[in-house]
$ cat structure_38.csv   # CSV, C-alpha atoms and all ligand atoms
chain,number,residue,atom,x,y,z
M,1,MET,CA,329.5,72.5,77.4
M,2,ALA,CA,327.2,71.7,80.3
M,3,ILE,CA,324.8,69.3,81.8
M,4,PRO,CA,321.3,70.8,81.6
M,5,ALA,CA,320.1,71.9,85.1
M,6,SER,CA,317.1,69.6,85.0
M,7,LEU,CA,319.4,66.6,84.6
M,8,GLN,CA,321.7,67.6,87.5
M,9,LYS,CA,319.2,66.7,90.2
M,10,GLY,CA,320.3,63.5,92.0
M,11,LEU,CA,323.2,62.9,89.6
M,12,LYS,CA,326.2,61.4,91.4
M,13,LEU,CA,328.3,60.5,88.3
M,14,PRO,CA,328.0,61.8,84.7
M,15,VAL,CA,326.7,58.5,83.3
M,16,ILE,CA,323.7,57.6,81.3
M,17,ALA,CA,322.9,53.9,81.2
M,18,ALA,CA,322.0,53.7,77.5
M,19,PRO,CA,318.6,52.5,76.2
M,20,MET,CA,318.9,49.0,74.8
M,21,PHE,CA,316.3,47.1,72.7
M,22,LEU,CA,315.0,44.1,74.6
M,23,VAL,CA,317.5,44.7,77.5
M,24,SER,CA,316.4,47.9,79.4
M,25,GLY,CA,313.3,47.9,81.5
M,26,PRO,CA,311.9,49.5,84.6
M,27,ASP,CA,314.0,47.5,87.1
M,28,LEU,CA,317.3,48.6,85.5
M,29,VAL,CA,316.1,52.2,85.1
M,30,VAL,CA,314.9,52.5,88.7
M,31,GLU,CA,318.1,51.0,90.1
M,32,CYS,CA,320.2,53.4,87.9
M,33,CYS,CA,318.3,56.5,88.9
M,34,ASN,CA,318.0,55.6,92.6
M,35,ASN,CA,321.8,55.2,92.7
M,36,GLY,CA,322.6,58.5,91.0
M,37,VAL,CA,323.0,57.8,87.3
M,38,ILE,CA,320.5,58.4,84.5
M,39,GLY,CA,318.6,55.3,83.4
M,40,ALA,CA,316.9,55.0,80.1
M,41,PHE,CA,314.9,52.5,77.9
M,42,PRO,CA,313.4,52.4,74.4
M,43,SER,CA,309.6,52.9,74.5
M,44,LEU,CA,309.4,50.0,72.0
M,45,ASN,CA,310.6,47.6,74.7
M,46,GLN,CA,306.9,47.6,75.7
M,47,ARG,CA,304.6,45.9,73.1
M,48,THR,CA,302.0,48.7,73.2
M,49,THR,CA,301.8,52.4,73.8
M,50,GLU,CA,299.5,51.7,76.8
M,51,GLY,CA,302.1,49.3,78.1
M,52,TYR,CA,304.7,52.0,77.7
M,53,ARG,CA,302.6,54.4,79.8
M,54,GLU,CA,302.3,51.7,82.5
M,55,TRP,CA,306.1,51.4,82.6
M,56,LEU,CA,306.4,55.1,83.1
M,57,HIS,CA,303.9,55.0,86.0
M,58,ASP,CA,305.8,52.0,87.5
M,59,ILE,CA,309.2,53.8,87.2
M,60,LYS,CA,307.9,57.1,88.7
M,61,GLY,CA,306.3,55.2,91.6
M,62,ARG,CA,309.5,53.5,92.5
M,63,LEU,CA,311.9,56.5,92.2
M,64,THR,CA,313.2,58.0,95.5
M,65,PRO,CA,312.9,61.8,96.1
M,66,ASP,CA,316.6,62.2,95.4
M,67,ALA,CA,316.8,60.0,92.3
M,68,ALA,CA,318.5,61.0,89.1
M,69,ALA,CA,316.4,61.8,86.1
M,70,PHE,CA,315.3,59.0,83.6
M,71,GLY,CA,315.1,59.0,79.8
M,72,VAL,CA,313.2,57.3,77.0
M,73,ASN,CA,314.4,56.5,73.5
M,74,HIS,CA,312.1,57.1,70.5
M,75,ILE,CA,313.0,55.9,67.0
M,76,VAL,CA,312.1,58.8,64.8
M,77,HIS,CA,311.7,57.0,61.5
M,78,PRO,CA,308.7,56.2,59.2
M,79,THR,CA,309.2,52.5,60.0
M,80,ASN,CA,308.2,53.2,63.6
M,81,PRO,CA,304.4,53.3,63.5
M,82,ARG,CA,304.2,54.0,67.2
M,83,LEU,CA,306.2,57.2,67.1
M,84,MET,CA,303.3,59.7,67.4
M,85,ALA,CA,301.4,57.8,70.0
M,86,ASP,CA,304.4,57.1,72.2
M,87,MET,CA,305.6,60.7,71.8
M,88,MET,CA,302.2,61.9,73.0
M,89,VAL,CA,302.5,59.8,76.1
M,90,SER,CA,306.1,61.1,76.7
M,91,VAL,CA,304.7,64.7,76.5
M,92,GLU,CA,301.7,63.9,78.8
M,93,GLU,CA,303.9,62.2,81.3
M,94,LYS,CA,306.7,64.8,81.0
M,95,VAL,CA,309.6,62.4,80.5
M,96,PRO,CA,312.6,64.4,81.7
M,97,LEU,CA,315.0,63.2,78.9
M,98,ILE,CA,314.0,62.1,75.4
M,99,ILE,CA,316.7,60.3,73.4
M,100,THR,CA,315.9,60.4,69.6
M,101,SER,CA,317.5,58.0,67.1
M,102,LEU,CA,317.7,58.2,63.3
M,103,GLY,CA,315.7,61.4,62.7
M,104,ALA,CA,316.3,64.7,64.5
M,105,VAL,CA,313.1,66.6,64.1
M,106,ARG,CA,312.3,70.2,65.1
M,107,ASP,CA,308.7,69.4,66.0
M,108,VAL,CA,309.8,66.7,68.5
M,109,VAL,CA,312.3,69.1,70.0
M,110,ASP,CA,309.7,71.8,70.4
M,111,ALA,CA,307.2,69.4,71.9
M,112,VAL,CA,309.7,68.3,74.5
M,113,HIS,CA,310.9,71.8,75.3
M,114,GLY,CA,307.2,72.7,75.7
M,115,TYR,CA,307.0,70.8,79.0
M,116,GLY,CA,310.6,71.5,80.1
M,117,GLY,CA,312.2,68.3,78.9
M,118,VAL,CA,315.5,67.8,77.3
M,119,VAL,CA,316.4,66.1,73.9
M,120,PHE,CA,319.6,64.2,73.2
M,121,HIS,CA,320.1,62.8,69.7
M,122,ASP,CA,322.2,59.8,68.6
M,123,ILE,CA,324.7,60.5,65.8
M,124,ALA,CA,327.5,58.4,64.3
M,125,ASN,CA,329.1,61.0,62.0
M,126,VAL,CA,329.7,64.7,61.7
M,127,ARG,CA,327.1,65.3,59.0
M,128,HIS,CA,324.3,63.9,61.1
M,129,ALA,CA,325.6,65.9,64.1
M,130,ARG,CA,325.3,69.2,62.1
M,131,LYS,CA,321.7,68.3,61.1
M,132,ALA,CA,320.7,67.5,64.6
M,133,ALA,CA,322.3,70.7,65.9
M,134,GLN,CA,320.2,72.6,63.4
M,135,ALA,CA,317.1,70.9,64.7
M,136,GLY,CA,317.8,72.4,68.1
M,137,VAL,CA,318.6,69.4,70.2
M,138,ASP,CA,320.1,70.0,73.6
M,139,GLY,CA,322.7,67.3,73.4
M,140,LEU,CA,324.5,65.0,70.9
M,141,ILE,CA,325.2,61.4,71.7
M,142,LEU,CA,328.4,60.6,69.7
M,143,VAL,CA,328.2,56.9,68.9
M,144,ALA,CA,331.8,56.0,68.2
M,145,ASN,CA,333.6,53.0,66.8
M,146,GLY,CA,333.2,49.8,68.7
M,147,ALA,CA,329.9,50.7,70.5
M,148,GLY,CA,327.2,48.1,71.1
M,149,GLY,CA,324.2,48.2,68.8
M,150,HIS,CA,324.3,50.3,65.6
M,151,ALA,CA,327.8,51.6,66.2
M,152,GLY,CA,329.6,54.2,64.2
M,153,VAL,CA,333.1,53.8,62.6
M,154,VAL,CA,334.6,57.1,63.7
M,155,ASN,CA,337.3,57.4,66.4
M,156,PRO,CA,335.9,59.0,69.6
M,157,PHE,CA,338.7,61.6,69.8
M,158,ALA,CA,338.1,62.7,66.2
M,159,LEU,CA,334.3,62.8,66.8
M,160,VAL,CA,334.4,64.9,70.1
M,161,GLU,CA,336.9,67.4,68.8
M,162,GLU,CA,335.2,68.0,65.5
M,163,VAL,CA,331.6,68.2,66.9
M,164,ARG,CA,332.8,70.7,69.6
M,165,THR,CA,333.9,73.1,66.9
M,166,PHE,CA,330.2,73.9,65.9
M,167,PHE,CA,328.1,72.6,68.9
M,168,ASP,CA,328.1,74.1,72.4
M,169,GLY,CA,325.4,71.9,73.8
M,170,THR,CA,325.8,68.8,75.9
M,171,ILE,CA,328.1,66.1,74.5
M,172,ILE,CA,327.5,62.5,75.5
M,173,LEU,CA,330.2,60.0,74.4
M,174,SER,CA,329.2,56.5,73.5
M,175,GLY,CA,331.3,53.4,72.7
M,176,CYS,CA,333.3,51.0,74.9
M,177,LEU,CA,333.0,52.9,78.1
M,178,SER,CA,332.9,50.3,80.8
M,179,THR,CA,334.8,51.5,83.9
M,180,GLY,CA,334.9,54.6,86.1
M,181,ARG,CA,338.3,55.3,84.6
M,182,ASP,CA,336.6,55.4,81.1
M,183,VAL,CA,334.0,57.9,82.5
M,184,ALA,CA,336.9,60.1,83.7
M,185,ALA,CA,338.7,59.8,80.4
M,186,ALA,CA,335.5,60.8,78.5
M,187,THR,CA,335.0,63.9,80.5
M,188,MET,CA,338.7,64.8,80.1
M,189,MET,CA,338.2,64.5,76.4
M,190,GLY,CA,335.5,67.1,76.6
M,191,ALA,CA,332.3,65.0,76.9
M,192,ASP,CA,329.8,66.0,79.6
M,193,PHE,CA,328.4,62.5,80.0
M,194,ALA,CA,329.5,58.9,79.4
M,195,TYR,CA,326.9,56.7,77.7
M,196,MET,CA,327.3,53.1,78.7
M,197,GLY,CA,325.4,50.2,77.1
M,198,THR,CA,327.3,46.9,77.1
M,199,ARG,CA,328.5,47.2,80.7
M,200,PHE,CA,324.9,47.5,82.0
M,201,ILE,CA,323.7,44.3,80.1
M,202,SER,CA,325.6,42.2,82.6
M,203,THR,CA,323.6,43.4,85.6
M,204,THR,CA,321.1,41.6,87.7
M,205,GLU,CA,318.3,44.0,86.7
M,206,SER,CA,318.8,43.9,82.9
M,207,GLN,CA,316.3,41.9,80.9
M,208,ALA,CA,319.0,40.0,78.9
M,209,GLN,CA,319.0,36.2,79.2
M,210,ALA,CA,321.5,34.7,81.7
M,211,GLU,CA,323.5,33.2,78.9
M,212,TYR,CA,323.7,36.6,77.1
M,213,LYS,CA,325.1,38.2,80.3
M,214,GLN,CA,327.6,35.5,80.7
M,215,MET,CA,328.7,35.6,77.0
M,216,ILE,CA,329.7,39.2,77.5
M,217,VAL,CA,331.7,38.3,80.6
M,218,ASP,CA,333.5,35.6,78.6
M,219,ALA,CA,334.0,37.8,75.5
M,220,GLY,CA,336.8,40.2,74.5
M,221,ALA,CA,337.0,42.8,71.7
M,222,SER,CA,338.0,40.1,69.2
M,223,ASP,CA,334.7,38.2,69.8
M,224,ILE,CA,332.7,41.1,68.4
M,225,THR,CA,331.6,41.1,64.7
M,226,TYR,CA,330.5,44.3,63.0
M,227,THR,CA,327.9,43.4,60.3
M,228,PRO,CA,324.7,44.6,58.5
M,229,ALA,CA,323.6,41.0,58.2
M,230,VAL,CA,321.3,41.0,61.3
M,231,SER,CA,319.5,44.3,61.1
M,232,GLY,CA,320.3,45.8,57.7
M,233,ILE,CA,322.4,48.6,59.3
M,234,PRO,CA,325.9,47.6,60.5
M,235,ALA,CA,325.8,46.8,64.2
M,236,ASN,CA,328.1,44.9,66.6
M,237,PHE,CA,327.2,41.4,67.7
M,238,LEU,CA,328.8,38.7,69.9
M,239,THR,CA,330.4,36.3,67.4
M,240,PRO,CA,329.6,33.2,69.6
M,241,SER,CA,325.9,34.1,69.3
M,242,LEU,CA,326.1,34.4,65.5
M,243,VAL,CA,327.7,30.9,65.5
M,244,ALA,CA,325.0,29.5,67.9
M,245,ASN,CA,322.4,30.6,65.4
M,246,GLY,CA,324.1,28.8,62.5
M,247,ILE,CA,325.5,32.0,61.0
M,248,ASP,CA,329.1,31.8,59.8
M,249,PRO,CA,330.9,35.0,60.8
M,250,LYS,CA,333.5,34.4,58.1
M,251,SER,CA,331.1,34.6,55.2
M,252,LEU,CA,328.6,37.2,56.1
M,253,PRO,CA,326.7,39.0,53.3
M,254,GLU,CA,326.6,42.8,52.9
M,255,HIS,CA,322.8,42.7,53.1
M,256,LYS,CA,320.3,41.7,55.8
M,257,LEU,CA,319.9,37.9,56.2
M,258,ASP,CA,316.4,36.5,56.1
M,259,MET,CA,315.9,36.2,59.8
M,260,ALA,CA,312.1,36.8,60.3
M,261,ASP,CA,311.4,40.1,62.0
M,262,GLU,CA,313.9,42.5,63.6
M,263,ALA,CA,312.9,41.8,67.2
M,264,LYS,CA,313.3,38.1,66.7
M,265,ALA,CA,316.8,38.6,65.2
M,266,TRP,CA,317.9,40.7,68.2
M,267,LYS,CA,316.4,38.2,70.6
M,268,THR,CA,318.6,35.4,69.3
M,269,VAL,CA,321.7,37.1,68.0
M,270,TRP,CA,323.0,39.2,70.8
M,271,SER,CA,324.6,42.6,70.5
M,272,ALA,CA,327.5,44.0,72.5
M,273,GLY,CA,330.3,46.4,71.9
M,274,GLN,CA,334.1,45.9,71.9
M,275,GLY,CA,334.1,47.1,75.5
M,276,ALA,CA,332.9,43.5,76.5
M,277,GLY,CA,336.5,42.8,77.2
M,278,ALA,CA,336.3,45.1,80.2
M,279,VAL,CA,333.2,43.4,81.7
M,280,HIS,CA,334.2,40.7,84.1
M,281,ASP,CA,331.1,40.1,86.2
M,282,ILE,CA,327.4,40.1,86.5
M,283,LEU,CA,326.3,42.2,89.5
M,284,PRO,CA,323.5,44.3,90.9
M,285,THR,CA,323.2,47.7,89.3
M,286,ALA,CA,323.7,49.4,92.7
M,287,ASP,CA,327.0,47.6,93.1
M,288,LEU,CA,328.1,48.5,89.6
M,289,VAL,CA,327.3,52.2,90.1
M,290,GLY,CA,329.1,52.2,93.4
M,291,ARG,CA,332.2,50.7,91.8
M,292,LEU,CA,332.0,53.2,88.9
M,293,ARG,CA,332.0,56.1,91.4
M,294,ASP,CA,335.0,54.7,93.3
M,295,GLU,CA,337.0,54.1,90.0
M,296,TYR,CA,336.1,57.6,88.8
M,297,ALA,CA,337.3,59.2,92.0
M,298,GLU,CA,340.5,57.2,92.0
M,299,ALA,CA,341.2,58.0,88.4
M,300,CYS,CA,340.7,61.8,89.0
M,301,ALA,CA,343.0,61.7,92.1
M,302,VAL,CA,345.7,59.8,90.2
M,303,PHE,CA,345.5,62.3,87.3
M,304,ASP,CA,345.8,65.3,89.7
M,305,LYS,CA,349.1,63.9,90.9
M,306,LYS,CA,350.5,63.1,87.4
M,307,ARG,CA,352.7,65.6,85.5
M,308,PHE,CA,353.6,63.7,82.4
I,401,LIG,C1,321.7,45.1,72.9
I,401,LIG,C2,321.7,46.6,72.5
I,401,LIG,C3,320.6,47.2,72.1
I,401,LIG,C4,320.6,48.5,71.8
I,401,LIG,N1,319.4,49.1,71.4
I,401,LIG,C5,319.3,50.5,71.2
I,401,LIG,C6,318.1,51.1,71.0
I,401,LIG,O1,317.0,50.5,71.0
I,401,LIG,N2,318.1,52.4,70.8
I,401,LIG,C7,319.2,53.2,70.9
I,401,LIG,O2,319.2,54.4,70.7
I,401,LIG,N3,320.4,52.6,71.1
I,401,LIG,C8,320.5,51.3,71.3
I,401,LIG,N4,321.7,50.6,71.5
I,401,LIG,C9,322.9,51.5,71.6
I,401,LIG,C10,323.2,52.0,73.0
I,401,LIG,O3,322.2,52.9,73.3
I,401,LIG,C11,324.6,52.7,73.1
I,401,LIG,O4,324.8,53.6,72.1
I,401,LIG,C12,325.7,51.7,73.0
I,401,LIG,O5,325.4,50.5,73.7
I,401,LIG,C13,326.9,52.2,73.7
I,401,LIG,O6,328.1,51.5,73.5
I,401,LIG,P1,328.6,50.3,74.5
I,401,LIG,O7,327.7,49.2,74.3
I,401,LIG,O8,330.0,50.0,73.9
I,401,LIG,O9,328.7,50.9,75.8
I,401,LIG,C14,321.8,49.3,71.8
I,401,LIG,C15,322.9,48.7,72.2
I,401,LIG,C16,323.0,47.3,72.6
I,401,LIG,C17,324.2,46.7,73.0
$ encode --input "structure_38.csv" --output "structure tokens"
Amino acid sequence: MAIPASLQKGLKLPVIAAPMFLVSGPDLVVECCNNGVIGAFPSLNQRTTEGYREWLHDIKGRLTPDAAAFGVNHIVHPTNPRLMADMMVSVEEKVPLIITSLGAVRDVVDAVHGYGGVVFHDIANVRHARKAAQAGVDGLILVANGAGGHAGVVNPFALVEEVRTFFDGTIILSGCLSTGRDVAAATMMGADFAYMGTRFISTTESQAQAEYKQMIVDAGASDITYTPAVSGIPANFLTPSLVANGIDPKSLPEHKLDMADEAKAWKTVWSAGQGAGAVHDILPTADLVGRLRDEYAEACAVFDKKRF
């Protein structure tokens, strides 16, 4: 159980701002890293591989010398035609943290280790965690019940404990972590990092539309619908945004609705996790990270004094 040495530089809180399709871009990443948490984005948020390389140059050029590391998410699946080209750019540019989704592949791990990078892989169940551990990943991102995006259905306590029985790499917990208290709780459960998506959508620097950011502020856990209808794989969406697109949340099919392409679907139907209920404001990332650090320190101090 440890945070890899290369990711400890500049880290002021064990938090990764999770990569989010259409939401995470250079401004959010730079603000995260310069304030001491790891920022990340999916390479597919740029339309082309060359655009992806330009984003990397932009980010690197704006990071302060004591910034935390940054990460890039690659979808390792045959449906991603850009995988090879984007991975080559990641290797050439020596991206410190590669976050893989869907496929955990030994070749990708070897390529990243070849330049000293670190690979964390997304899993939503124990079977996939075992496969990724065998592929040699450095860390497992446990995507628990209630998370934004393609969430799992397993309880976070169950997931952390079971994965720890066979994996001694870095454990990153994902799902409904919104406050510094949640970060402290995640580390107390045995996770090395908290992975936070929804909380970072409602920041000044995220690329989400203003109405999307506000909808999260207004939402609670009961305003989140878990359905495969938007992307084919079950994911969590803001119920008011389903309604706004003429989709009745009470009669959703078990298959993907005909909604043109995937990007268009995610652009109009907005994803968020059940942790939306703990998001009460839209604020600059620097202020959010400062608040998370204060809440974390306070939670640790209170716990130290508690007996039962
Ligand atoms: C709008 C949105 C888009 C997402 N897109 C991606 C993605 O492209 N790749 C990925 O690995 N995870 C994606 N995720 C999942 C997040 O990386 C993370 O696991 C999740 O947001 C954590 O749960 P939380 O939102 O409850 O904090 C997305 C999540 C959201 C809310």
$ residues_near_ligand --input "structure_38.csv" --ligand "ligand LIG 401 (chain I)" --cutoff "6 Å" --atoms "all atoms listed in the file" --output "PDB file with C-alpha atoms, keeping the file's coordinate frame"
ATOM      1  CA  ALA M  18     322.000  53.700  77.500  1.00  0.00           C
ATOM      2  CA  PRO M  19     318.600  52.500  76.200  1.00  0.00           C
ATOM      3  CA  MET M  20     318.900  49.000  74.800  1.00  0.00           C
ATOM      4  CA  PHE M  21     316.300  47.100  72.700  1.00  0.00           C
ATOM      5  CA  PRO M  42     313.400  52.400  74.400  1.00  0.00           C
ATOM      6  CA  ASN M  73     314.400  56.500  73.500  1.00  0.00           C
ATOM      7  CA  SER M 101     317.500  58.000  67.100  1.00  0.00           C
ATOM      8  CA  VAL M 143     328.200  56.900  68.900  1.00  0.00           C
ATOM      9  CA  ALA M 147     329.900  50.700  70.500  1.00  0.00           C
ATOM     10  CA  GLY M 148     327.200  48.100  71.100  1.00  0.00           C
ATOM     11  CA  GLY M 149     324.200  48.200  68.800  1.00  0.00           C
ATOM     12  CA  SER M 174     329.200  56.500  73.500  1.00  0.00           C
ATOM     13  CA  GLY M 175     331.300  53.400  72.700  1.00  0.00           C
ATOM     14  CA  CYS M 176     333.300  51.000  74.900  1.00  0.00           C
ATOM     15  CA  LEU M 177     333.000  52.900  78.100  1.00  0.00           C
ATOM     16  CA  MET M 196     327.300  53.100  78.700  1.00  0.00           C
ATOM     17  CA  GLY M 197     325.400  50.200  77.100  1.00  0.00           C
ATOM     18  CA  THR M 198     327.300  46.900  77.100  1.00  0.00           C
ATOM     19  CA  SER M 271     324.600  42.600  70.500  1.00  0.00           C
ATOM     20  CA  ALA M 272     327.500  44.000  72.500  1.00  0.00           C
ATOM     21  CA  GLY M 273     330.300  46.400  71.900  1.00  0.00           C
ATOM     22  CA  GLY M 275     334.100  47.100  75.500  1.00  0.00           C
TER      23      GLY M 275
END
$ residues_near_point --input "structure_38.csv" --point "(330.5, 40.1, 70.2)" --cutoff "8 Å" --atoms "all atoms listed in the file" --output "list of chain:residue names"
M:Ile216, M:Ala219, M:Gly220, M:Ala221, M:Ser222, M:Asp223, M:Ile224, M:Thr225, M:Asn236, M:Phe237, M:Leu238, M:Thr239, M:Pro240, M:Ser241, M:Trp270, M:Ser271, M:Ala272, M:Gly273, M:Gln274, M:Ala276
$ residues_around --input "structure_38.csv" --residues "segment 209-212 of chain M" --least-positions-apart "5" --cutoff "10 Å" --atoms "only C-alpha atoms" --output "PyMOL selection string"
chain M and resi 22-23+201-204+217-218+238+241+267-272+282
$ atom_distance --input "structure_38.csv" --atom1 "atom CA of Val163 of chain M" --atom2 "atom CA of Arg127 of chain M"
9.5 Å
$ closest_residue --input "structure_38.csv" --among "M:Met84, M:Ala229, M:Ile3, M:Val105" --to "Ile16 of chain M" --atoms "all atoms listed in the file"
M:Ile3
$ atom_distance --input "structure_38.csv" --atom1 "atom CA of Ala151 of chain M" --atom2 "atom CA of Ala124 of chain M"
7.1 Å
$ residues_around --input "structure_38.csv" --residues "Ala129 of chain M" --least-positions-apart "2" --cutoff "10 Å" --atoms "all atoms listed in the file" --output "PDB file with C-alpha atoms, keeping the file's coordinate frame"
ATOM      1  CA  ALA M 104     316.300  64.700  64.500  1.00  0.00           C
ATOM      2  CA  HIS M 121     320.100  62.800  69.700  1.00  0.00           C
ATOM      3  CA  ASP M 122     322.200  59.800  68.600  1.00  0.00           C
ATOM      4  CA  ILE M 123     324.700  60.500  65.800  1.00  0.00           C
ATOM      5  CA  ALA M 124     327.500  58.400  64.300  1.00  0.00           C
ATOM      6  CA  ASN M 125     329.100  61.000  62.000  1.00  0.00           C
ATOM      7  CA  VAL M 126     329.700  64.700  61.700  1.00  0.00           C
ATOM      8  CA  ARG M 127     327.100  65.300  59.000  1.00  0.00           C
ATOM      9  CA  LYS M 131     321.700  68.300  61.100  1.00  0.00           C
ATOM     10  CA  ALA M 132     320.700  67.500  64.600  1.00  0.00           C
ATOM     11  CA  ALA M 133     322.300  70.700  65.900  1.00  0.00           C
ATOM     12  CA  GLN M 134     320.200  72.600  63.400  1.00  0.00           C
ATOM     13  CA  ALA M 135     317.100  70.900  64.700  1.00  0.00           C
ATOM     14  CA  VAL M 137     318.600  69.400  70.200  1.00  0.00           C
ATOM     15  CA  GLY M 139     322.700  67.300  73.400  1.00  0.00           C
ATOM     16  CA  LEU M 140     324.500  65.000  70.900  1.00  0.00           C
ATOM     17  CA  ILE M 141     325.200  61.400  71.700  1.00  0.00           C
ATOM     18  CA  LEU M 142     328.400  60.600  69.700  1.00  0.00           C
ATOM     19  CA  LEU M 159     334.300  62.800  66.800  1.00  0.00           C
ATOM     20  CA  GLU M 162     335.200  68.000  65.500  1.00  0.00           C
ATOM     21  CA  VAL M 163     331.600  68.200  66.900  1.00  0.00           C
ATOM     22  CA  PHE M 166     330.200  73.900  65.900  1.00  0.00           C
ATOM     23  CA  PHE M 167     328.100  72.600  68.900  1.00  0.00           C
TER      24      PHE M 167
END
$ closest_residue --input "structure_38.csv" --among "M:Arg53, M:Lys60, M:Thr179, M:Ser251" --to "Glu298 of chain M" --atoms "only C-alpha atoms"
M:Thr179
$ atom_distance --input "structure_38.csv" --atom1 "atom CA of Thr187 of chain M" --atom2 "atom CA of Ala301 of chain M"
14.3 Å
$ residues_around --input "structure_38.csv" --residues "Gly117 of chain M" --least-positions-apart "5" --cutoff "9 Å" --atoms "only C-alpha atoms" --output "list in words"
Ser6, Val91, Lys94, Val95, Pro96, Leu97, Ile98, Val109, Ala111 and Val112 of chain M
$ closest_residue --input "structure_38.csv" --among "M:Val302, M:Ile247, M:Glu161, M:Asp138" --to "Gly116 of chain M" --atoms "only C-alpha atoms"
M:Asp138
$ closest_residue --input "structure_38.csv" --among "M:Lys305, M:His255, M:Arg199, M:Arg181" --to "Leu13 of chain M" --atoms "only C-alpha atoms"
M:Arg181
$ closest_residue --input "structure_38.csv" --among "M:Gly51, M:Gly180, M:Gly136, M:Gly190" --to "Pro156 of chain M" --atoms "all atoms listed in the file"
M:Gly190
$ residues_near_point --input "structure_38.csv" --point "(321.0, 49.6, 65.3)" --cutoff "8 Å" --atoms "only C-alpha atoms" --output "list in words"
Gly149, His150, Ala151, Ser231, Ile233, Pro234 and Ala235 of chain M
$ closest_residue --input "structure_38.csv" --among "M:Leu283, M:Cys32, M:Leu173, M:Leu11" --to "Gln214 of chain M" --atoms "all atoms listed in the file"
M:Leu283
$ residues_around --input "structure_38.csv" --residues "Glu205 of chain M" --least-positions-apart "4" --cutoff "10 Å" --atoms "all atoms listed in the file" --output "mmCIF file with C-alpha atoms, keeping the file's coordinate frame"
data_model
loop_
_atom_site.group_PDB
_atom_site.id
_atom_site.type_symbol
_atom_site.label_atom_id
_atom_site.label_comp_id
_atom_site.auth_asym_id
_atom_site.auth_seq_id
_atom_site.Cartn_x
_atom_site.Cartn_y
_atom_site.Cartn_z
ATOM 1 C CA VAL M 23 317.500 44.700 77.500
ATOM 2 C CA SER M 24 316.400 47.900 79.400
ATOM 3 C CA GLY M 25 313.300 47.900 81.500
ATOM 4 C CA PRO M 26 311.900 49.500 84.600
ATOM 5 C CA ASP M 27 314.000 47.500 87.100
ATOM 6 C CA LEU M 28 317.300 48.600 85.500
ATOM 7 C CA VAL M 29 316.100 52.200 85.100
ATOM 8 C CA VAL M 30 314.900 52.500 88.700
ATOM 9 C CA GLU M 31 318.100 51.000 90.100
ATOM 10 C CA CYS M 32 320.200 53.400 87.900
ATOM 11 C CA PHE M 200 324.900 47.500 82.000
ATOM 12 C CA ILE M 201 323.700 44.300 80.100
ATOM 13 C CA ILE M 282 327.400 40.100 86.500
ATOM 14 C CA LEU M 283 326.300 42.200 89.500
ATOM 15 C CA PRO M 284 323.500 44.300 90.900
ATOM 16 C CA THR M 285 323.200 47.700 89.300
ATOM 17 C CA ALA M 286 323.700 49.400 92.700
#
$ decode --input "structure_38.csv" --residues "segment 139-150 of chain M" --atoms "N, CA and C atoms" --output "JSON list (two decimals), in the first residue's frame"
[["chain", "number", "residue", "atom", "x", "y", "z"],
["M", 139, "GLY", "N", -1.57, 0.56, -9.97],
["M", 139, "GLY", "CA", -2.66, 0.91, -9.07],
["M", 139, "GLY", "C", -4.00, 0.52, -9.65],
["M", 140, "LEU", "N", -4.95, 0.28, -8.77],
["M", 140, "LEU", "CA", -6.31, -0.04, -9.20],
["M", 140, "LEU", "C", -7.26, 1.05, -8.71],
["M", 141, "ILE", "N", -8.05, 1.57, -9.64],
["M", 141, "ILE", "CA", -9.06, 2.57, -9.30],
["M", 141, "ILE", "C", -10.37, 1.81, -9.10],
["M", 142, "LEU", "N", -10.84, 1.77, -7.87],
["M", 142, "LEU", "CA", -12.04, 1.00, -7.56],
["M", 142, "LEU", "C", -13.25, 1.91, -7.72],
["M", 143, "VAL", "N", -13.98, 1.70, -8.81],
["M", 143, "VAL", "CA", -15.13, 2.57, -9.11],
["M", 143, "VAL", "C", -16.37, 1.94, -8.46],
["M", 144, "ALA", "N", -16.75, 2.51, -7.33],
["M", 144, "ALA", "CA", -17.81, 1.91, -6.51],
["M", 144, "ALA", "C", -19.19, 2.41, -6.91],
["M", 145, "ASN", "N", -20.15, 1.90, -6.23],
["M", 145, "ASN", "CA", -21.55, 2.28, -6.42],
["M", 145, "ASN", "C", -21.74, 3.80, -6.28],
["M", 146, "GLY", "N", -22.56, 4.38, -7.14],
["M", 146, "GLY", "CA", -22.91, 5.79, -7.01],
["M", 146, "GLY", "C", -21.96, 6.76, -7.69],
["M", 147, "ALA", "N", -20.89, 6.26, -8.28],
["M", 147, "ALA", "CA", -19.90, 7.16, -8.92],
["M", 147, "ALA", "C", -20.50, 7.83, -10.16],
["M", 148, "GLY", "N", -19.92, 8.95, -10.56],
["M", 148, "GLY", "CA", -20.29, 9.57, -11.82],
["M", 148, "GLY", "C", -19.74, 8.75, -12.98],
["M", 149, "GLY", "N", -20.29, 8.92, -14.16],
["M", 149, "GLY", "CA", -19.85, 8.16, -15.33],
["M", 149, "GLY", "C", -20.29, 6.70, -15.23],
["M", 150, "HIS", "N", -19.47, 5.80, -15.79],
["M", 150, "HIS", "CA", -19.80, 4.36, -15.78],
["M", 150, "HIS", "C", -19.51, 3.77, -14.41]]
